[in-house]
Amino acid sequence: MSQFDYIKNITRFALQNDQKQLKDSVRGLIDYSKKIKKHNFALELQAIVKENHTMQAVSGGDHRSYAPLETGTVQDTDLSDLILEKVSSRYTFDDLISDENTKNDLQLLVKEQNSFEFLKKYELPVSNKLFLHGPSGCGKTLAAYVLAGQLDRPVYVVNIGAIVSSKLGETSKNLSKLFRKASRSESILFFDEFDTLGKLRDYSQDHAEMKRVVNTFLQLFDYLPENVLLIAATNYAHVIDQALLRRFDFKLELKRPKKKEIELLIRKILKSGQFETDKVISLQTLVSKAAGLSYYSVQKTLIQAVKQSLFDMKSNTTRIKPVVDTRVWQKMIVQEQEQQKSLG
């Protein structure tokens, strides 16, 4: 394709509002521009794309919007009920704010997966099973997508609800198909809300078929190829059966952020330079006020304050850039704290 072909496609897909094809065409033009040595133009396009992702993160309020995610459907009809979506990620460790021990363990897991042949040369096992637990909103799903981005592998988000559905007679067979599909390619299986499956290994329940389902899972767990990564996440680690927990190579607790992580998150959101605070209330005061909230809750309060600043800017044409009202932000932090307390 020529440069003009890419431009025509970009125009066509923009007018059709086909975001996936539009993004693919823009990335194609960036790669093509690099090949023909138009590096400055490629860098300018990359900057525009990055700016767009930053604006989406601010306007959308999604704690997973720092880097792009692309989702797709699963073509295999036998597995479509078991997989919520297939995700491609370009997240990196720069997008994940956590304590150093957690990040170091995740980096070690990536290093092992990327050193598969080297470790097998010395007949050493390769870690490929990760258990993530901790409060809601503290980055378990983001950590899974960061690993996918770092390893450049697709993520199959497994529908746990379908596994424990009424069609129990087919579940063990379909679960085996799911693992076989993952085994044929270097991919990632992501079991969110893993406690839904884990807590069902309760032999006081008079449900032989469900016991077979969980036992099938345990057997497949043991024979999963080491170049396939399995990630399980839950907010309720205490309900998971020990037989399942023992299968994991890494068991990481993602905790609520301390003041250091809260400040890093805030600076990360504001670092684009598009927004600034009015400094009526200091950043350190706001960080202290936000202590005890999850990463998601901290970001949500800031995003709400940013939106309010944008609305205020519409009625004040003299402003060059939005200024975040720190008093409004502090009020939203307090409201979030009170809401969390009321929820227990």
# chains A, B, ... in the order shown; residues from 1 in each chain; ligands from 1
$ residues_around --residues "region 273-287 of chain A" --least-positions-apart "6" --cutoff "8 Å" --atoms "only C-alpha atoms" --output "JSON, numbers by chain"
{"A": [259, 262, 263, 306, 321, 322, 323, 324, 325, 326, 327, 330]}
$ select_by_dssp --residues "region 111-171 of chain A" --states "strand (DSSP E)" --output "number ranges by chain"
A: 129-133, 155-158
$ closest_residue --among "A:Ser136, A:Thr216, A:Gln304, A:Ser309" --to "Lys255 (chain A)" --atoms "only C-alpha atoms"
A:Ser136
$ closest_atom_pairs --of "region 195-272 of chain A" --to "region 111-123 of chain A" --cutoff "12 Å" --atoms "only C-alpha atoms" --output "JSON lines"
{"residue": "A:Pro225", "atom": "CA", "partner": "A:Phe116", "partner_atom": "CA", "distance": 11.1}
{"residue": "A:Glu226", "atom": "CA", "partner": "A:Gln113", "partner_atom": "CA", "distance": 8.1}
{"residue": "A:Asn227", "atom": "CA", "partner": "A:Gln113", "partner_atom": "CA", "distance": 6.5}
{"residue": "A:Val228", "atom": "CA", "partner": "A:Gln113", "partner_atom": "CA", "distance": 8.7}
{"residue": "A:Leu229", "atom": "CA", "partner": "A:Gln113", "partner_atom": "CA", "distance": 8.3}
{"residue": "A:Leu230", "atom": "CA", "partner": "A:Gln113", "partner_atom": "CA", "distance": 11.7}
{"residue": "A:Asp249", "atom": "CA", "partner": "A:Glu112", "partner_atom": "CA", "distance": 11.5}
$ closest_residue --among "A:Glu100, A:Ser288, A:Ile266, A:Leu252" --to "Thr301 (chain A)" --atoms "only C-alpha atoms"
A:Ile266
$ select_by_dssp --residues "region 117-276 of chain A" --states "helix (DSSP H, G or I)" --output "ChimeraX atom specification"
/A:117-121,140-151,160-163,168-183,195-198,208-222,237-239,242-245,259-270
$ closest_residue --among "A:Lys307, A:Lys140, A:Lys258, A:Lys35" --to "Phe194 (chain A)" --atoms "only C-alpha atoms"
A:Lys140
$ atom_distance --atom1 "CA of Leu84 (chain A)" --atom2 "CA of Val158 (chain A)"
5.8 Å
$ residues_around --residues "Phe221 (chain A)" --least-positions-apart "2" --cutoff "10 Å" --atoms "only C-alpha atoms" --output "PDB file with C-alpha atoms, in the first residue's frame"
ATOM      1  CA  LYS A 129       0.528 -19.815  36.962  1.00  0.00           C
ATOM      2  CA  PHE A 179      -7.144 -25.531  27.672  1.00  0.00           C
ATOM      3  CA  ASN A 215     -11.396 -31.979  39.436  1.00  0.00           C
ATOM      4  CA  THR A 216     -11.135 -31.624  35.655  1.00  0.00           C
ATOM      5  CA  PHE A 217      -9.815 -28.114  36.196  1.00  0.00           C
ATOM      6  CA  LEU A 218      -7.195 -29.392  38.647  1.00  0.00           C
ATOM      7  CA  GLN A 219      -5.988 -32.034  36.196  1.00  0.00           C
ATOM      8  CA  TYR A 223      -0.707 -30.455  32.446  1.00  0.00           C
ATOM      9  CA  LEU A 224      -0.880 -26.911  31.115  1.00  0.00           C
ATOM     10  CA  PRO A 225       2.171 -26.238  28.890  1.00  0.00           C
ATOM     11  CA  LEU A 230      -2.714 -18.831  33.470  1.00  0.00           C
ATOM     12  CA  LEU A 244      -6.110 -25.055  43.833  1.00  0.00           C
ATOM     13  CA  ARG A 247      -0.920 -25.100  41.810  1.00  0.00           C
ATOM     14  CA  PHE A 248       0.155 -21.460  41.522  1.00  0.00           C
TER      15      PHE A 248
END
$ closest_residue --among "A:Phe250, A:Tyr32, A:Tyr156, A:Trp329" --to "Val110 (chain A)" --atoms "only C-alpha atoms"
A:Phe250
$ atom_distance --atom1 "CA of Leu69 (chain A)" --atom2 "CA of Arg90 (chain A)"
6.7 Å
$ atom_distance --atom1 "CA of Lys251 (chain A)" --atom2 "CA of Leu130 (chain A)"
6.1 Å
